[in-house]
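Raw contents of upload-v6.cif, mmCIF, C-alpha atoms (C1' of nucleotides):
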```cif
data_data
loop_
_atom_site.label_atom_id
_atom_site.label_comp_id
_atom_site.auth_asym_id
_atom_site.auth_seq_id
_atom_site.Cartn_x
_atom_site.Cartn_y
_atom_site.Cartn_z
CA MET A 1 1.36 8.89 -13.23
CA ASP A 2 -0.09 6.54 -15.79
CA LYS A 3 -1.73 3.22 -15.16
CA LYS A 4 1.38 1.19 -15.81
CA ALA A 5 3.39 3.18 -13.28
CA ALA A 6 0.59 2.89 -10.75
CA ILE A 7 0.54 -0.87 -11.11
CA ALA A 8 4.29 -0.98 -10.61
CA ALA A 9 4.02 1.10 -7.45
CA LEU A 10 1.05 -0.76 -6.00
CA SER A 11 2.45 -4.21 -6.66
CA ALA A 12 5.82 -3.09 -5.33
CA LEU A 13 4.15 -2.20 -2.03
CA GLY A 14 1.96 -5.29 -2.07
CA GLN A 15 4.68 -7.63 -0.88
CA ASP A 16 5.76 -8.35 2.65
CA THR A 17 9.47 -7.62 2.50
CA ARG A 18 9.12 -4.63 0.21
CA LEU A 19 6.47 -3.05 2.40
CA ASP A 20 8.83 -3.48 5.34
CA VAL A 21 11.61 -1.82 3.38
CA PHE A 22 9.37 1.04 2.36
CA ARG A 23 8.06 1.65 5.86
CA HIS A 24 11.57 1.60 7.24
CA LEU A 25 12.84 4.08 4.70
CA VAL A 26 9.91 6.43 5.19
CA THR A 27 10.57 6.40 8.91
CA ALA A 28 14.29 6.90 8.39
CA GLY A 29 13.80 10.13 6.49
CA PRO A 30 15.72 11.82 3.69
CA GLU A 31 19.17 10.77 4.90
CA GLY A 32 18.28 7.21 3.94
CA VAL A 33 19.76 3.90 5.03
CA GLY A 34 22.56 1.79 3.57
CA ALA A 35 21.54 -1.42 1.84
CA GLY A 36 23.60 -3.47 4.25
CA ASP A 37 22.08 -1.91 7.34
CA LEU A 38 18.68 -2.44 5.86
CA ALA A 39 19.42 -6.11 5.24
CA GLN A 40 20.57 -6.54 8.83
CA VAL A 41 17.65 -4.72 10.40
CA LEU A 42 15.05 -6.52 8.30
CA ASN A 43 16.83 -9.84 8.43
CA VAL A 44 16.91 -10.39 4.68
CA ARG A 45 19.81 -11.68 2.58
CA ALA A 46 21.69 -8.95 0.77
CA ASN A 47 21.03 -10.24 -2.72
CA THR A 48 17.34 -10.81 -2.08
CA LEU A 49 17.03 -7.34 -0.65
CA SER A 50 18.81 -5.93 -3.66
CA THR A 51 16.12 -7.37 -5.92
CA HIS A 52 13.39 -5.80 -3.83
CA LEU A 53 15.17 -2.47 -3.63
CA SER A 54 15.46 -2.37 -7.37
CA ALA A 55 11.73 -3.05 -7.74
CA LEU A 56 10.89 -0.20 -5.38
CA ALA A 57 13.31 2.11 -7.14
CA ARG A 58 11.94 1.17 -10.56
CA ALA A 59 8.50 2.06 -9.25
CA GLY A 60 9.79 5.48 -8.22
CA LEU A 61 9.05 4.95 -4.54
CA ILE A 62 12.63 5.03 -3.30
CA ALA A 63 15.88 6.54 -4.53
CA ALA A 64 19.45 5.26 -4.44
CA GLU A 65 22.64 7.21 -3.90
CA ARG A 66 26.16 5.94 -3.53
CA ASP A 67 27.95 6.94 -0.35
CA GLY A 68 31.45 5.52 -0.35
CA ARG A 69 31.24 1.79 -0.39
CA ALA A 70 27.64 1.79 0.70
CA ILE A 71 24.56 2.68 -1.30
CA ARG A 72 22.02 4.65 0.63
CA TYR A 73 18.35 4.20 -0.14
CA SER A 74 15.75 6.73 0.85
CA ALA A 75 12.05 7.32 0.37
CA HIS A 76 11.32 9.21 -2.83
CA TYR A 77 8.56 11.56 -1.83
CA ASP A 78 7.70 12.79 -5.31
CA GLY A 79 6.97 9.24 -6.37
CA ILE A 80 4.96 8.56 -3.24
CA ARG A 81 2.92 11.68 -3.79
CA ALA A 82 2.32 10.65 -7.40
CA LEU A 83 0.86 7.37 -6.21
CA PHE A 84 -1.41 9.17 -3.76
CA ASP A 85 -2.56 11.51 -6.46
CA PHE A 86 -3.35 8.61 -8.75
CA LEU A 87 -5.39 6.85 -6.09
CA LEU A 88 -7.20 9.97 -4.98
CA HIS A 89 -7.93 10.98 -8.53
CA ASP A 90 -9.30 7.55 -9.29
CA CYS A 91 -11.06 6.75 -6.08
CA CYS A 92 -12.82 10.02 -5.80
CA LYS A 93 -13.71 10.54 -9.42
CA GLY A 94 -17.35 11.38 -9.36
CA ARG A 95 -17.76 10.90 -5.61
CA PRO A 96 -15.30 13.11 -3.80
CA GLU A 97 -17.34 12.98 -0.61
CA LEU A 98 -16.69 9.29 -0.20
CA CYS A 99 -12.94 9.25 0.07
CA GLY A 100 -12.51 11.12 3.29
CA PRO A 101 -11.64 14.65 4.30
CA PHE A 102 -8.47 14.89 2.22
CA ALA A 103 -10.24 14.30 -1.07
CA SER A 104 -11.53 17.82 -1.45
CA SER A 105 -8.10 19.36 -0.94
CA ARG A 106 -7.00 18.03 -4.31
CA SER A 107 -8.33 19.23 -7.62
CA PRO A 108 -8.75 16.21 -9.87
CA ASP A 109 -7.72 16.91 -13.43
CA ILE A 110 -10.60 15.44 -15.39
CA THR A 111 -9.10 16.41 -18.72
CA LYS A 112 -6.04 14.21 -18.41
CA ALA A 113 -7.00 10.98 -20.14
CA GLU A 114 -4.59 8.24 -19.18
CA GLN A 115 -4.25 4.58 -19.96
CA MET B 1 -5.93 -2.03 8.96
CA ASP B 2 -3.01 -4.29 9.71
CA LYS B 3 -0.06 -5.03 7.52
CA LYS B 4 -1.47 -8.24 6.13
CA ALA B 5 -4.67 -6.53 5.06
CA ALA B 6 -2.69 -3.69 3.51
CA ILE B 7 -0.64 -6.12 1.45
CA ALA B 8 -3.82 -7.81 0.28
CA ALA B 9 -5.29 -4.48 -0.80
CA LEU B 10 -2.13 -3.17 -2.45
CA SER B 11 -1.39 -6.33 -4.36
CA ALA B 12 -5.05 -6.58 -5.37
CA LEU B 13 -4.78 -3.16 -6.98
CA GLY B 14 -1.35 -3.87 -8.42
CA GLN B 15 -2.66 -5.93 -11.32
CA ASP B 16 -3.91 -4.74 -14.66
CA THR B 17 -7.34 -6.34 -14.83
CA ARG B 18 -8.13 -5.78 -11.17
CA LEU B 19 -7.18 -2.12 -11.34
CA ASP B 20 -9.52 -1.78 -14.31
CA VAL B 21 -12.29 -3.44 -12.34
CA PHE B 22 -11.69 -1.22 -9.36
CA ARG B 23 -11.63 1.96 -11.39
CA HIS B 24 -14.80 0.98 -13.17
CA LEU B 25 -16.63 0.23 -9.94
CA VAL B 26 -15.50 3.44 -8.29
CA THR B 27 -16.78 5.36 -11.28
CA ALA B 28 -20.03 3.40 -11.31
CA GLY B 29 -20.91 4.42 -7.78
CA PRO B 30 -22.81 2.71 -4.97
CA GLU B 31 -25.38 1.02 -7.23
CA GLY B 32 -22.63 -1.23 -8.50
CA VAL B 33 -22.36 -3.29 -11.67
CA GLY B 34 -23.31 -6.88 -12.40
CA ALA B 35 -20.47 -9.32 -12.85
CA GLY B 36 -21.61 -10.14 -16.36
CA ASP B 37 -21.78 -6.53 -17.46
CA LEU B 38 -18.36 -5.97 -15.99
CA ALA B 39 -16.97 -8.93 -17.92
CA GLN B 40 -18.43 -7.59 -21.14
CA VAL B 41 -17.27 -4.01 -20.66
CA LEU B 42 -13.76 -5.01 -19.65
CA ASN B 43 -13.53 -7.86 -22.14
CA VAL B 44 -12.55 -10.50 -19.63
CA ARG B 45 -13.86 -14.07 -19.39
CA ALA B 46 -16.46 -14.55 -16.71
CA ASN B 47 -14.54 -17.11 -14.71
CA THR B 48 -11.30 -15.13 -14.83
CA LEU B 49 -13.13 -12.02 -13.73
CA SER B 50 -14.73 -13.96 -10.91
CA THR B 51 -11.29 -14.82 -9.56
CA HIS B 52 -10.25 -11.16 -9.65
CA LEU B 53 -13.49 -10.00 -8.09
CA SER B 54 -13.01 -12.39 -5.24
CA ALA B 55 -9.49 -11.08 -4.65
CA LEU B 56 -10.74 -7.51 -4.52
CA ALA B 57 -13.60 -8.49 -2.23
CA ARG B 58 -11.29 -10.44 0.05
CA ALA B 59 -9.15 -7.31 0.29
CA GLY B 60 -12.19 -5.32 1.35
CA LEU B 61 -12.05 -2.99 -1.63
CA ILE B 62 -15.32 -4.03 -3.23
CA ALA B 63 -18.56 -5.57 -2.00
CA ALA B 64 -20.89 -8.13 -3.56
CA GLU B 65 -24.65 -8.30 -3.38
CA ARG B 66 -27.00 -10.66 -5.13
CA ASP B 67 -29.64 -9.05 -7.30
CA GLY B 68 -31.83 -11.73 -8.82
CA ARG B 69 -29.70 -13.89 -11.05
CA ALA B 70 -26.95 -11.32 -11.18
CA ILE B 71 -24.45 -10.39 -8.53
CA ARG B 72 -23.74 -6.71 -8.30
CA TYR B 73 -20.31 -5.55 -7.26
CA SER B 74 -19.64 -2.09 -5.96
CA ALA B 75 -16.76 -0.12 -4.50
CA HIS B 76 -16.47 -0.58 -0.75
CA TYR B 77 -15.59 2.86 0.48
CA ASP B 78 -14.83 1.89 4.05
CA GLY B 79 -12.16 -0.50 2.81
CA ILE B 80 -10.78 2.07 0.41
CA ARG B 81 -10.56 4.63 3.16
CA ALA B 82 -8.82 2.10 5.38
CA LEU B 83 -6.14 1.64 2.75
CA PHE B 84 -5.69 5.38 2.45
CA ASP B 85 -5.38 5.70 6.19
CA PHE B 86 -2.77 2.98 6.30
CA LEU B 87 -0.70 4.62 3.59
CA LEU B 88 -1.02 8.09 5.02
CA HIS B 89 -0.23 6.89 8.50
CA ASP B 90 2.84 5.08 7.24
CA CYS B 91 4.08 7.47 4.65
CA CYS B 92 3.80 10.51 6.77
CA LYS B 93 4.95 9.07 10.03
CA GLY B 94 7.53 11.53 11.26
CA ARG B 95 7.36 13.72 8.16
CA PRO B 96 3.79 14.86 7.66
CA GLU B 97 4.90 17.82 5.57
CA LEU B 98 6.22 15.56 2.85
CA CYS B 99 3.09 13.74 1.83
CA GLY B 100 1.07 16.59 0.44
CA PRO B 101 -1.66 18.90 1.70
CA PHE B 102 -4.01 16.14 2.82
CA ALA B 103 -1.59 14.64 5.29
CA SER B 104 -2.22 17.17 8.01
CA SER B 105 -5.97 16.66 7.88
CA ARG B 106 -5.58 13.22 9.40
CA SER B 107 -4.44 12.59 12.90
CA PRO B 108 -2.04 9.65 12.87
CA ASP B 109 -2.56 7.36 15.81
CA ILE B 110 0.98 6.79 16.98
CA THR B 111 -0.14 4.56 19.82
CA LYS B 112 -1.55 1.83 17.62
CA ALA B 113 1.33 -0.58 17.12
CA GLU B 114 0.55 -2.91 14.25
CA GLN B 115 2.26 -5.78 12.58
"C1'" DT C 1 -40.76 -29.56 -13.20
"C1'" DC C 2 -37.73 -28.28 -16.96
"C1'" DC C 3 -34.94 -25.01 -19.24
"C1'" DA C 4 -32.13 -20.90 -19.66
"C1'" DT C 5 -29.17 -17.58 -17.61
"C1'" DA C 6 -25.57 -15.72 -14.26
"C1'" DA C 7 -21.86 -16.64 -11.71
"C1'" DT C 8 -18.59 -19.49 -9.37
"C1'" DT C 9 -15.61 -23.47 -8.61
"C1'" DC C 10 -12.48 -26.95 -10.30
"C1'" DG C 11 -8.27 -28.65 -12.48
"C1'" DA C 12 -4.51 -27.79 -15.41
"C1'" DG C 13 -0.94 -25.33 -17.88
"C1'" DA C 14 1.87 -21.16 -18.65
"C1'" DA C 15 4.02 -17.24 -16.89
"C1'" DA C 16 5.76 -14.37 -13.33
"C1'" DT C 17 7.78 -13.85 -8.72
"C1'" DA C 18 10.65 -14.80 -4.56
"C1'" DT C 19 14.56 -16.69 -2.73
"C1'" DC C 20 18.95 -18.64 -2.58
"C1'" DG C 21 24.20 -19.70 -3.28
"C1'" DA C 22 27.87 -18.43 -6.12
"C1'" DA C 23 30.17 -15.21 -8.90
"C1'" DT C 24 31.01 -10.44 -10.18
"C1'" DT C 25 31.62 -5.38 -9.88
"C1'" DA C 26 32.88 -1.21 -7.42
"C1'" DT C 27 34.95 1.28 -3.73
"C1'" DA C 28 38.14 2.01 0.09
"C1'" DA C 29 42.04 0.95 2.92
"C1'" DA C 30 46.55 -1.31 3.92
"C1'" DT D 1 49.05 -3.40 -5.86
"C1'" DT D 2 46.73 -6.38 -2.84
"C1'" DT D 3 43.07 -7.19 0.29
"C1'" DA D 4 38.63 -6.46 2.40
"C1'" DT D 5 34.00 -4.74 2.25
"C1'" DA D 6 29.39 -3.44 0.08
"C1'" DA D 7 26.32 -4.31 -3.19
"C1'" DT D 8 24.67 -6.28 -7.41
"C1'" DT D 9 24.12 -9.75 -11.03
"C1'" DC D 10 23.69 -14.48 -12.48
"C1'" DG D 11 21.59 -19.07 -12.70
"C1'" DA D 12 18.59 -22.23 -10.67
"C1'" DT D 13 14.62 -23.76 -8.04
"C1'" DA D 14 10.27 -23.43 -5.55
"C1'" DT D 15 6.21 -21.02 -5.19
"C1'" DT D 16 2.62 -18.16 -6.55
"C1'" DT D 17 -0.30 -16.01 -9.85
"C1'" DC D 18 -2.92 -15.62 -14.14
"C1'" DT D 19 -5.72 -17.59 -17.44
"C1'" DC D 20 -8.46 -20.93 -19.53
"C1'" DG D 21 -12.12 -24.71 -20.67
"C1'" DA D 22 -15.19 -27.63 -18.41
"C1'" DA D 23 -18.21 -28.60 -14.79
"C1'" DT D 24 -21.13 -27.00 -11.02
"C1'" DT D 25 -24.32 -24.11 -8.26
"C1'" DA D 26 -28.04 -20.79 -7.85
"C1'" DT D 27 -31.84 -18.15 -9.50
"C1'" DG D 28 -35.87 -16.98 -12.43
"C1'" DG D 29 -39.20 -17.95 -15.98
"C1'" DA D 30 -41.96 -21.10 -19.08
#
```
For the structure just supplied, provide its representation as structure tokens.
Amino acid sequence: MDKKAAIAALSALGQDTRLDVFRHLVTAGPEGVGAGDLAQVLNVRANTLSTHLSALARAGLIAAERDGRAIRYSAHYDGIRALFDFLLHDCCKGRPELCGPFASSRSPDITKAEQ
Amino acid sequence: MDKKAAIAALSALGQDTRLDVFRHLVTAGPEGVGAGDLAQVLNVRANTLSTHLSALARAGLIAAERDGRAIRYSAHYDGIRALFDFLLHDCCKGRPELCGPFASSRSPDITKAEQ
DNA sequence: TCCATAATTCGAGAAATATCGAATTATAAA
DNA sequence: TTTATAATTCGATATTTCTCGAATTATGGA
């Protein structure tokens, strides 16, 4: 994950409605939730939600799949993991002991120079 | 960390200049870096940087300390860890196996109902 | 005290974002 | 084919965010 992608993911999550969407989808699991159901549960207009869903999808945090008339959205775990890796790699660079017990379980790739 | 604080932290990191600042401070370590040096290294105007620094500090991700005429900023590891905990707790809720090897090393506190 | 330096605050303008109602596209059922 | 449903796209507006120059505050040294 490069810096640009990380910014997209972080800013996607840094908004009230989108964080709600994300949390709901993570809880819902791989089966996902239809956009309409999501709009009803979160009390957001369908078109507004659509904009937010597209931002989260563009950031690689959720995935969309058509299911009849509905479109099911689900958490995209590869993208989520990529964000974690980026943060861990960055946060713990040089000071792995400071980022908690999980830091040492990852091997930061120092050689990969990103921008 | 509640939802509001998480949004502040995520959106603070979801911006080009601020992510640069954050990465630089994490790399710099606990001694920190003066605001002026930071402005020079990152090629940002002092007043613009000041705005970004205050956003990161408000989010609990960095700390400020006066050192003579300068003000040294440094990564605030407690705040960083809090963000990690929030993400891990949320991402892995119900599906710990999906968020990578570090997920299981944290014990999610299911009882703490936040908004 | 007076001056220089470091940083922040203020006020304004430009750009990006969030939200909405209306219109459109795509699918399914009658 | 016609109608209904699900979701997105479009166009507009309100709000927020980013950036800047100028002014202000705080500290240290002459």
Both chains have the same sequence, so superpose chain B on chain A over all Cα atoms paired in order and return it as a compact mmCIF listing (two decimals) with C-alpha atoms, in the coordinates of the input.
```
# COMPACT_ATOMS: atom_id res chain seq x y z
CA MET B 1 1.35 8.88 -13.25
CA ASP B 2 -0.05 6.49 -15.80
CA LYS B 3 -1.69 3.18 -15.18
CA LYS B 4 1.42 1.14 -15.81
CA ALA B 5 3.41 3.15 -13.30
CA ALA B 6 0.59 2.86 -10.77
CA ILE B 7 0.56 -0.91 -11.11
CA ALA B 8 4.31 -0.99 -10.61
CA ALA B 9 4.02 1.08 -7.44
CA LEU B 10 1.04 -0.79 -6.02
CA SER B 11 2.44 -4.23 -6.66
CA ALA B 12 5.81 -3.11 -5.30
CA LEU B 13 4.13 -2.21 -2.03
CA GLY B 14 1.93 -5.29 -2.06
CA GLN B 15 4.66 -7.63 -0.85
CA ASP B 16 5.74 -8.33 2.68
CA THR B 17 9.46 -7.62 2.52
CA ARG B 18 9.10 -4.62 0.23
CA LEU B 19 6.45 -3.04 2.42
CA ASP B 20 8.81 -3.46 5.37
CA VAL B 21 11.58 -1.80 3.41
CA PHE B 22 9.35 1.04 2.38
CA ARG B 23 8.05 1.65 5.87
CA HIS B 24 11.54 1.61 7.26
CA LEU B 25 12.82 4.10 4.71
CA VAL B 26 9.89 6.44 5.20
CA THR B 27 10.55 6.40 8.92
CA ALA B 28 14.27 6.90 8.39
CA GLY B 29 13.78 10.13 6.51
CA PRO B 30 15.69 11.83 3.70
CA GLU B 31 19.15 10.76 4.90
CA GLY B 32 18.28 7.22 3.93
CA VAL B 33 19.75 3.90 5.02
CA GLY B 34 22.55 1.81 3.56
CA ALA B 35 21.54 -1.38 1.83
CA GLY B 36 23.61 -3.45 4.23
CA ASP B 37 22.09 -1.89 7.33
CA LEU B 38 18.67 -2.42 5.86
CA ALA B 39 19.43 -6.09 5.23
CA GLN B 40 20.58 -6.52 8.80
CA VAL B 41 17.67 -4.70 10.40
CA LEU B 42 15.06 -6.48 8.31
CA ASN B 43 16.84 -9.83 8.41
CA VAL B 44 16.90 -10.36 4.67
CA ARG B 45 19.79 -11.65 2.56
CA ALA B 46 21.68 -8.94 0.75
CA ASN B 47 21.01 -10.22 -2.74
CA THR B 48 17.31 -10.79 -2.08
CA LEU B 49 17.01 -7.32 -0.64
CA SER B 50 18.78 -5.91 -3.66
CA THR B 51 16.10 -7.37 -5.91
CA HIS B 52 13.36 -5.78 -3.80
CA LEU B 53 15.14 -2.46 -3.62
CA SER B 54 15.42 -2.37 -7.36
CA ALA B 55 11.70 -3.05 -7.72
CA LEU B 56 10.86 -0.20 -5.37
CA ALA B 57 13.29 2.11 -7.14
CA ARG B 58 11.93 1.16 -10.54
CA ALA B 59 8.48 2.06 -9.23
CA GLY B 60 9.77 5.47 -8.20
CA LEU B 61 9.03 4.94 -4.53
CA ILE B 62 12.61 5.03 -3.29
CA ALA B 63 15.86 6.55 -4.52
CA ALA B 64 19.44 5.27 -4.43
CA GLU B 65 22.62 7.22 -3.91
CA ARG B 66 26.14 5.95 -3.56
CA ASP B 67 27.93 6.94 -0.38
CA GLY B 68 31.44 5.54 -0.42
CA ARG B 69 31.23 1.78 -0.48
CA ALA B 70 27.64 1.80 0.64
CA ILE B 71 24.55 2.70 -1.31
CA ARG B 72 22.01 4.66 0.63
CA TYR B 73 18.35 4.22 -0.14
CA SER B 74 15.74 6.73 0.86
CA ALA B 75 12.03 7.31 0.38
CA HIS B 76 11.29 9.20 -2.82
CA TYR B 77 8.53 11.55 -1.82
CA ASP B 78 7.70 12.78 -5.29
CA GLY B 79 6.96 9.22 -6.36
CA ILE B 80 4.95 8.55 -3.23
CA ARG B 81 2.90 11.66 -3.79
CA ALA B 82 2.32 10.62 -7.39
CA LEU B 83 0.85 7.34 -6.21
CA PHE B 84 -1.40 9.15 -3.78
CA ASP B 85 -2.56 11.48 -6.49
CA PHE B 86 -3.35 8.59 -8.78
CA LEU B 87 -5.38 6.82 -6.12
CA LEU B 88 -7.20 9.93 -5.01
CA HIS B 89 -7.92 10.95 -8.56
CA ASP B 90 -9.29 7.52 -9.34
CA CYS B 91 -11.05 6.70 -6.14
CA CYS B 92 -12.81 9.96 -5.83
CA LYS B 93 -13.66 10.52 -9.44
CA GLY B 94 -17.33 11.40 -9.38
CA ARG B 95 -17.71 10.88 -5.64
CA PRO B 96 -15.23 13.09 -3.83
CA GLU B 97 -17.28 12.99 -0.65
CA LEU B 98 -16.67 9.29 -0.23
CA CYS B 99 -12.92 9.20 0.06
CA GLY B 100 -12.44 11.08 3.28
CA PRO B 101 -11.62 14.64 4.29
CA PHE B 102 -8.45 14.90 2.22
CA ALA B 103 -10.17 14.28 -1.08
CA SER B 104 -11.50 17.79 -1.47
CA SER B 105 -8.09 19.34 -0.92
CA ARG B 106 -6.93 18.03 -4.28
CA SER B 107 -8.24 19.23 -7.56
CA PRO B 108 -8.71 16.22 -9.83
CA ASP B 109 -7.67 16.94 -13.37
CA ILE B 110 -10.55 15.50 -15.33
CA THR B 111 -9.03 16.50 -18.64
CA LYS B 112 -6.00 14.25 -18.36
CA ALA B 113 -7.05 11.02 -20.04
CA GLU B 114 -4.63 8.27 -19.13
CA GLN B 115 -4.23 4.65 -19.97
```
Determine which residues of chain D sit within 9 Å of chain A, taking into account only C-alpha atoms (C1' of nucleotides), and present them as a list of chain:residue names.
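Going by the stated atoms only, the list reads D:DT5, D:DA6, D:DA7, D:DT8, D:DT9.
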Just need the residues of chain C within 9 Å of chain B, counting all atoms listed in the file, so spit them out as a list in words.
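The selection requested is DT5, DA6, DA7, DT8 and DT9 of chain C.
Here atom CA of A:Ala12 is placed at a distance of 8.0 Å from atom CA of B:Ser11.
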Residue list as a PyMOL selection string for point (-4.9, -5.9, -7.6), cut-off 12 Å, only C-alpha atoms (C1' of nucleotides)
(chain A and resi 6-15) or (chain B and resi 6-23+49+51-62) or (chain D and resi 17-18)
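Between chain B and the candidates A:Arg72, A:His24, A:Arg81, A:Arg45, the tightest atom-to-atom separation, counting all atoms listed in the file, involves A:Arg81.
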Can you list what the PyMOL selection byres ((chain D and resi 15) around 12) grabs from this structure, as a PyMOL selection string?
(chain C and resi 16-19) or (chain D and resi 13-14+16-17)
Selection dump of the PyMOL selection byres ((chain A and resi 75) around 7), as an MDAnalysis selection string:
chainID A and resid 25:26 29:30 61:63 74 76:77
To verify the selection step, state as a list of chain:residue names which residues the PyMOL selection byres ((chain D and resi 4) around 9) yields on this input.
C:DA28, C:DA29, D:DT3, D:DT5
Report the distance between atom CA of A:Asp78 and atom CA of A:Leu38 in Å, rounded to one decimal place.
21.8 Å
Within 7 Å of (25.5, -13.1, -10.6), in the coordinates the file gives, what residues turn up when you count all atoms listed in the file, written out as a list in words?
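Residues satisfying the cut-off, written out: DA23 and DT24 of chain C; DT9 and DC10 of chain D.
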Work out how far apart atom CA of B:Lys4 and atom CA of A:Asp85 are and give it in Å to one decimal.
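Interatomic distance, atom CA of B:Lys4 to atom CA of A:Asp85: 23.4 Å.
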